[in-house]
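Engineer: Structure in C-alpha cells, see below.
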Amino acid sequence: MVEATMDPRPLAAVLISAFAVVLIVASYRYPNVREGWSVLAALGKFAIVVSMLPGVMDGEVYYWSLEETTGYTFVFGADFALRADPLGMLFALLASFLWIFTSFYAAGYMRGLNEHAQTRFFAAFAASLSTAIGIAFASNLLTIFIFYELLSLVTYPLVAHNEDDEARIAGRKYLAYTFFGGGVFLLAGTVLVYWLNTGPGGVDPDAADPLAFETGGMSALADAAAADPGFAQAAFFLLIAGFGVKAAVMPLHSWLADAMVAPTPVSGLLHAVAVVKSGAFGVARVYLDTFGTDTIREIPLSVPWVGDVGINVPVAILAAFTLTAASIIALRKDHLKRRLAFSTTAQLSYIVLGLSMLNPFAMLGALLHIPAHAFGKLTLFFCAGAVHVETHTDYVSEMAGVGKRMPMTMSAFAIGSAGMAGIPLVAGFVSKFYLLIGAGGAADVHAGYWLFATALIVSGVLNIAYLWPVVYTAFFESEDRHDAKPLLEFPPGGERRSYGVLNGERTSDAQPRTDGGAPQPADDDEGETEGKGAGTPLDDEPEYAVDEHPSDVDVPYGPGDARAGDRTHPDHADDHHDHGDHHHGGPPQGGWERRTPFTESSWLVAMPIAVIATGAVVLGVVPDYAVFLELADYIVELVEGEGVIDR
C-alpha cells in the first residue's frame, strides 16, 4: 500500500545545489572554497536523498506541492509538484551519489589542464545536478517538462566550455536537438495527454491533477485510449520522441558525439548519467507511470502488410537498430571519447529496448542497466580524461604501452570495458542477463522478439570488439612495435595502417611518425583533427591550456608559493612535471615513463576512478547488497504485480 506524505525533502534535494551555484560564484576568488561548496552540496544532496530511501522502500511516497504549500495554482488543473517515489529514487540516488566523486574529479581535471572559466564551469555543473534531481522527483508531465528544458539550458555552457568554433557548433547543435527538438515533442505530447485526460468537458476543479504520474499508468488516459486510440498513439510517440532525443535513440543521436568536445567531467557525469539518463528515465516514466504496460498492450497499431502490433514494437525495433548500428560505428572511431560516445548511444538503447519488450524481467534489466551503465561508462570517461590530463593523448592508436605510465587508470578502464560488454562479475552482466531472459520471455508473446535477443548478443560481441583494443594496446603493446587496430584490421574496424614507414616509403597502409615517435591519428571523423592530429608537433600557439599555463595539480604548495617556485609564470614553465617535453599525444621520445598507481596522477583524479570502478564491481558481484537491484525489483512489482519476478 503506497502512502503519500507531504514533505519538503524532495524540494530541498533540488534546491541545495541551486543554492550552491550562488556560493560557487561568490567564491570565485578562492578556488579551494569554490570547489569545497561543490563537494558539500553533493554530500548534502546525497544525504537528503538517502534519508527518504527507507520510507520509499516501505511503500511511502514523499511529495511537495506548490499549490498545497502556497495556494498558488501553477497551471489550471496541473500543479507544480515533486514526489520521491521508487522510480524517481532510482535516478536521484544514482545521480546524487556519483556527483560526490565527480566533484573531486572535476577539480583535479580542471586544475590539471589549468582550464579557463572554472567558476562558470562549477556553477553550471551544480545547476545541472539541480535540474537532474528535479527530473527525478517530478510528480507530473508538466514539472518534468520544465526541468527537462532547464537541464538543456544549464548544460549548454558546459558543452560550449572551450569557446572555440567546434565547441560553439556543438553547443548550438546540442540546444537544437535537446531544447528545441526534444522540448517541442515533449510539450506536444504533454498537451495531448492533458487534453485526453480532461475530456471534452474541460477541467474539473475538484478532479486530480490530469498530468500526475500514476504507478501502472494514468487511469483517465487508459479510458481515453480505449475510446480514441489514435490520439493516444500520437501522444505516446510524441513523448517517446521527446525523451528519446536525450536518450540518443537514432536518428536523434548525433548531438551526443559532437558534445564530446566538452571537458571530460561533463562527458562523464552529464553525458553518461544526468543528461542521457534523464532521457532514458523519461521513457521509463512514459511506459510505467503515464500509459502503463496494460494500456500499451491494449492499443493496437495497424501496420500495412503486417497487421496489428503493439505501439511498443516500433520503439523496440528502433532501439535494437540503434544499439547495433551505434556499436558498429564505434568500431571506426580512433578518438577515444567519440568511441565512448557511440558506445553510450548503444548502451542507452538497451534501456529503451528492455522497457519496450514489456516483459517483467526485461524491464528489471532495463532499470538495473541505468546504474550499471552509469558506473561503467563514468569509469571509462574518467580514465579517458586522466590519460588526457597526464599525457595529452586522445587517440587509441597513440596509446601503445600507456598502461605502464598509468597502470591503475587503464586497469579501471578494463573493468569498465568488461561491464559494458556484459562480462560476469561486473555490473553490466547482471542487467544484460535479465534483458536476455526478458527477450526470451517476450518471445512467448510475439514470435519476432527473438530478433531482440539476437541484437543484444551481437551488440555485446561488438562491445568487446571496440573496447578490448584499447586495453590490449595499453598493456600488451610497446611503443616501438604497435598495431593501431590489434583486433580489427579490416574496413569496418577502422583505417588499417602500420606504425611506421615500410621500406623507407610511405604506403597507403602506413602513417608517418611524428618527432615524438607516435603516429598521426587517423582522421576517421570529419572535423576531429582539422588537419592537426593529436600526434603532430606543436605549432607556435599551444593547443592546450596546460602547455601555456602549467598545472598546479601536483605542486605540493600550490602555485606561486615561494617553496615551490612560481609555477604560473612563463619563465618557470620547465618546473611543470614532465609530460614528455609538452608533447601532444602518444609516447614521448624514449617511451613512457613507468609509474605506480600512487604516482601516475593526482589523488583528485585517481581516487574517483578507483571508487567508481569498485562500485561497478560491487554491482556485478553482490547486486542484492547494492540497493539499485532491490529498487528496480520493487518498481517492476508495483507496476506488474507482486510475484511476477521470482529471484
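Each chain of the C-alpha cells is named A, B, ... in the order shown, its residues numbered from 1; ligands are numbered from 1 in display order.
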Any idea what's packed within 12 Å of Lys45 in chain A, counting only C-alpha atoms, ignoring anything in its chain fewer than 4 positions away? Could you give it as a ChimeraX atom specification?

Structural biologist: /A:9-20,37-41,49-52,92-100,126,129-130,132-134

Engineer: If we count only C-alpha atoms and set the cut-off at 9 Å, which residues sit around Val56 in chain A, ignoring sequence neighbours fewer than 6 positions away in its own chain? Please answer as a list in words.

Structural biologist: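 Contacts, in chain order: Val2, Tyr62, Ala84, Asp85, Pro86 and Met89 of chain A.
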
Engineer: Pick the closest to Ala319 in chain A from A:Ser254, A:Ser343, A:Ala284, A:Ala455: which is it, counting only C-alpha atoms?

Structural biologist: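 So, comparing all the options, the nearest one is A:Ala455.
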
Engineer: For range 238-309 of chain A against range 391-407 of chain A, with a cut-off of 12 Å and counting only C-alpha atoms, what is the closest atom pair and its distance in Å to one decimal for every residue that makes the cut, ordered by chain and number, as CSV?

Structural biologist:
residue,atom,partner,partner_atom,distance
A:Met260,CA,A:Asp394,CA,11.7
A:Val261,CA,A:Asp394,CA,11.6
A:Thr264,CA,A:Asp394,CA,11.3

Engineer: Among range 172-368 of chain A, which ones does DSSP assign to alpha helix (DSSP H) (computed from the backbone)? Answer as JSON, numbers by chain.

Structural biologist: {"A": [172, 173, 174, 182, 183, 184, 185, 186, 187, 188, 189, 190, 191, 192, 193, 194, 195, 196, 197, 198, 219, 220, 221, 222, 223, 224, 225, 226, 227, 229, 230, 231, 232, 233, 234, 235, 236, 237, 238, 239, 240, 241, 242, 243, 244, 245, 246, 254, 255, 256, 257, 258, 264, 265, 275, 276, 277, 278, 279, 280, 281, 282, 283, 284, 285, 293, 294, 295, 296, 297, 298, 312, 313, 314, 315, 316, 317, 318, 319, 320, 321, 322, 323, 324, 325, 326, 327, 328, 329, 330, 331, 336, 337, 338, 339, 340, 341, 342, 343, 344, 345, 346, 347, 348, 349, 350, 351, 352, 353, 354, 355, 356, 360, 361, 362, 363, 364, 365, 366, 367, 368]}

Engineer: Rounded to one decimal place, report the CA of Gln347 in chain A-CA of Glu166 in chain A distance in Å.

Structural biologist: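 Answer for the CA of Gln347 in chain A to CA of Glu166 in chain A separation: 25.7 Å.
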
Engineer: Dump as CSV the rows for residues of range 245-291 of chain A within 9 Å of range 320-331 of chain A: closest atom pair and distance in Å with one decimal, only C-alpha atoms counted, ordered by chain and rising residue number.

Structural biologist:
residue,atom,partner,partner_atom,distance
A:Ala248,CA,A:Thr322,CA,8.8
A:Val249,CA,A:Thr322,CA,6.3
A:Met250,CA,A:Thr322,CA,5.6
A:Pro251,CA,A:Thr322,CA,8.3

Engineer: Could you save the residues just selected, with N, CA and C atoms, as a PDB file, in the first residue's frame?

Structural biologist:
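The resulting result-v9.pdb:
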ATOM      1  N   ALA A 248      19.339   9.603 -26.958  1.00  0.00           N
ATOM      2  CA  ALA A 248      20.184   9.407 -28.146  1.00  0.00           C
ATOM      3  C   ALA A 248      19.744   8.225 -28.994  1.00  0.00           C
ATOM      4  N   VAL A 249      18.427   8.013 -29.107  1.00  0.00           N
ATOM      5  CA  VAL A 249      17.910   6.972 -29.988  1.00  0.00           C
ATOM      6  C   VAL A 249      18.008   7.464 -31.428  1.00  0.00           C
ATOM      7  N   MET A 250      18.547   6.653 -32.300  1.00  0.00           N
ATOM      8  CA  MET A 250      18.667   7.039 -33.701  1.00  0.00           C
ATOM      9  C   MET A 250      17.283   7.260 -34.304  1.00  0.00           C
ATOM     10  N   PRO A 251      17.130   8.276 -35.158  1.00  0.00           N
ATOM     11  CA  PRO A 251      18.133   9.169 -35.748  1.00  0.00           C
ATOM     12  C   PRO A 251      18.332  10.484 -34.983  1.00  0.00           C
TER      13      PRO A 251
END

Engineer: Quote the spacing between CA of Ala418 in chain A and CA of Val621 in chain A in Å to one decimal place.

Structural biologist: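 If I compute the distance from CA of Ala418 in chain A to CA of Val621 in chain A, I get 13.0 Å.
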
Engineer: Mind checking which residues fall within 9 Å of Ile415 in chain A, counting only C-alpha atoms, ignoring those fewer than 5 positions away in the same chain, and posting them as a list in words?

Structural biologist: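 Once the nearby chain positions are removed, what remains is Gly376, Thr379, Leu380, Met410, Met420, Val426, Ala613, Thr614, Ala616 and Val617 of chain A.
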
Engineer: With N, CA and C atoms retained, export the selected residues as a CSV table (one decimal), in the first residue's frame.

Structural biologist:
chain,number,residue,atom,x,y,z
A,376,GLY,N,29.8,2.0,-15.1
A,376,GLY,CA,30.8,1.5,-16.1
A,376,GLY,C,31.3,2.6,-17.0
A,379,THR,N,33.4,5.4,-15.3
A,379,THR,CA,34.7,4.9,-15.2
A,379,THR,C,35.5,5.1,-16.4
A,380,LEU,N,34.9,4.7,-17.6
A,380,LEU,CA,35.6,4.9,-18.9
A,380,LEU,C,35.9,6.3,-19.2
A,410,MET,N,44.3,2.5,-16.5
A,410,MET,CA,44.0,1.6,-17.5
A,410,MET,C,43.4,0.2,-17.0
A,420,MET,N,30.6,-2.9,-19.8
A,420,MET,CA,29.9,-2.5,-21.0
A,420,MET,C,29.7,-3.7,-21.9
A,426,VAL,N,30.9,-8.0,-13.3
A,426,VAL,CA,30.9,-6.6,-13.4
A,426,VAL,C,29.4,-6.2,-13.6
A,613,ALA,N,35.1,2.6,-10.2
A,613,ALA,CA,35.4,1.2,-10.8
A,613,ALA,C,35.0,0.1,-9.8
A,614,THR,N,35.3,0.4,-8.5
A,614,THR,CA,35.0,-0.6,-7.4
A,614,THR,C,33.5,-0.7,-7.3
A,616,ALA,N,31.4,-0.5,-9.8
A,616,ALA,CA,30.9,-1.3,-10.9
A,616,ALA,C,31.1,-2.8,-10.6
A,617,VAL,N,32.2,-3.1,-9.9
A,617,VAL,CA,32.4,-4.5,-9.5
A,617,VAL,C,31.4,-4.9,-8.4

Engineer: What does the structure give for the distance between CA of Val25 in chain A and CA of Lys277 in chain A, in Å to one decimal?

Structural biologist: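 Rounded to one decimal, the two atoms are 27.2 Å apart.
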
Engineer: Determine the nearest neighbour of His271 in chain A from the options A:Leu150, A:Met607, A:Ile311, A:Leu340, counting only C-alpha atoms.

Structural biologist: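 Closest to His271 in chain A of all the choices is A:Leu340.
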
Engineer: Neighbours of Ala224 in chain A within 8 Å (only C-alpha atoms; same-chain residues fewer than 6 positions away dropped), as number ranges by chain?

Structural biologist: A: 196-197, 199, 232

Engineer: List the spatial neighbours of Pro314 in chain A as an NGL selection string - criterion: any atom at most 10 Å away, only C-alpha atoms, same-chain residues fewer than 6 positions off excluded.

Structural biologist: :A and (237 or 301 or 320 or 356)

Engineer: Hey, what's within 12 Å of Arg285 in chain A if we count only C-alpha atoms and toss same-chain stuff fewer than 2 positions away? As JSON, numbers by chain, please?

Structural biologist: {"A": [85, 86, 87, 88, 91, 135, 136, 137, 138, 139, 140, 141, 144, 211, 212, 213, 214, 215, 216, 217, 218, 236, 239, 240, 243, 278, 279, 280, 281, 282, 283, 287, 288, 289, 290, 291, 292, 293, 352, 355, 367, 635, 639]}

Engineer: Output C-alpha atoms of each residue in that selection to a file, as a short mmCIF file (atom, residue, chain, number, x, y, z; two decimals), in the first residue's frame.

Structural biologist:
data_model
loop_
_atom_site.label_atom_id
_atom_site.label_comp_id
_atom_site.auth_asym_id
_atom_site.auth_seq_id
_atom_site.Cartn_x
_atom_site.Cartn_y
_atom_site.Cartn_z
CA ASP A 85 8.74 7.51 -5.41
CA PRO A 86 10.69 4.31 -6.17
CA LEU A 87 11.39 5.13 -9.83
CA GLY A 88 12.44 8.70 -9.04
CA PHE A 91 17.61 8.05 -10.67
CA ILE A 135 13.51 15.48 -13.33
CA ALA A 136 13.86 12.51 -10.98
CA PHE A 137 11.35 13.84 -8.47
CA ALA A 138 8.89 15.47 -10.92
CA SER A 139 5.37 14.49 -9.97
CA ASN A 140 3.72 15.09 -13.34
CA LEU A 141 4.43 15.66 -17.03
CA ILE A 144 9.28 17.06 -15.74
CA LEU A 211 -0.92 15.17 -15.72
CA ALA A 212 0.12 13.43 -12.48
CA PHE A 213 2.05 10.19 -12.80
CA GLU A 214 0.31 7.08 -11.50
CA THR A 215 2.06 3.79 -10.82
CA GLY A 216 0.93 1.44 -13.57
CA GLY A 217 -0.37 4.29 -15.74
CA MET A 218 -2.88 7.13 -15.62
CA PHE A 236 2.75 8.09 -26.84
CA LEU A 239 6.51 11.65 -25.57
CA ILE A 240 8.89 8.86 -26.61
CA PHE A 243 12.64 11.82 -24.25
CA SER A 278 17.16 11.84 -17.99
CA GLY A 279 16.03 10.74 -21.45
CA ALA A 280 16.04 7.04 -20.54
CA PHE A 281 14.35 7.85 -17.23
CA GLY A 282 11.67 9.83 -19.10
CA VAL A 283 11.00 6.83 -21.34
CA TYR A 287 5.95 3.28 -20.03
CA LEU A 288 5.41 2.70 -16.32
CA ASP A 289 3.66 5.77 -14.89
CA THR A 290 1.98 7.58 -17.79
CA PHE A 291 0.47 4.95 -20.10
CA GLY A 292 1.21 1.82 -18.12
CA THR A 293 2.08 -1.54 -19.62
CA VAL A 352 14.74 1.62 -24.12
CA LEU A 355 11.25 -1.27 -21.37
CA LEU A 367 16.02 -0.32 -14.90
CA ILE A 635 9.39 -0.81 -9.22
CA VAL A 639 3.65 -1.97 -11.99
#

Engineer: Given the choices A:Cys383, A:Ala316, A:Ala106, A:Val245, which gets closest to Leu358 in chain A if the distance is worked out from only C-alpha atoms?

Structural biologist: A:Ala316

Engineer: Check the smallest atom-to-atom distance from each of A:Val286, A:Ala47, A:Ala107, A:Ala208 to Ser602 in chain A using only C-alpha atoms, then report the winner.

Structural biologist: A:Ala107

Engineer: Between A:Ala26, A:Ala176, A:Ala272, A:Leu186, which one has atoms that come closest to Phe122 in chain A, using only C-alpha atoms?

Structural biologist: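 Result for the nearest residue to Phe122 in chain A: A:Ala26.
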
Engineer: Looking at A:Pro265, A:Gly183, A:Pro210, A:Gly590, which one is nearest to Ile146 in chain A, with distances taken over only C-alpha atoms?

Structural biologist: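 So, comparing all the options, the nearest one is A:Gly183.
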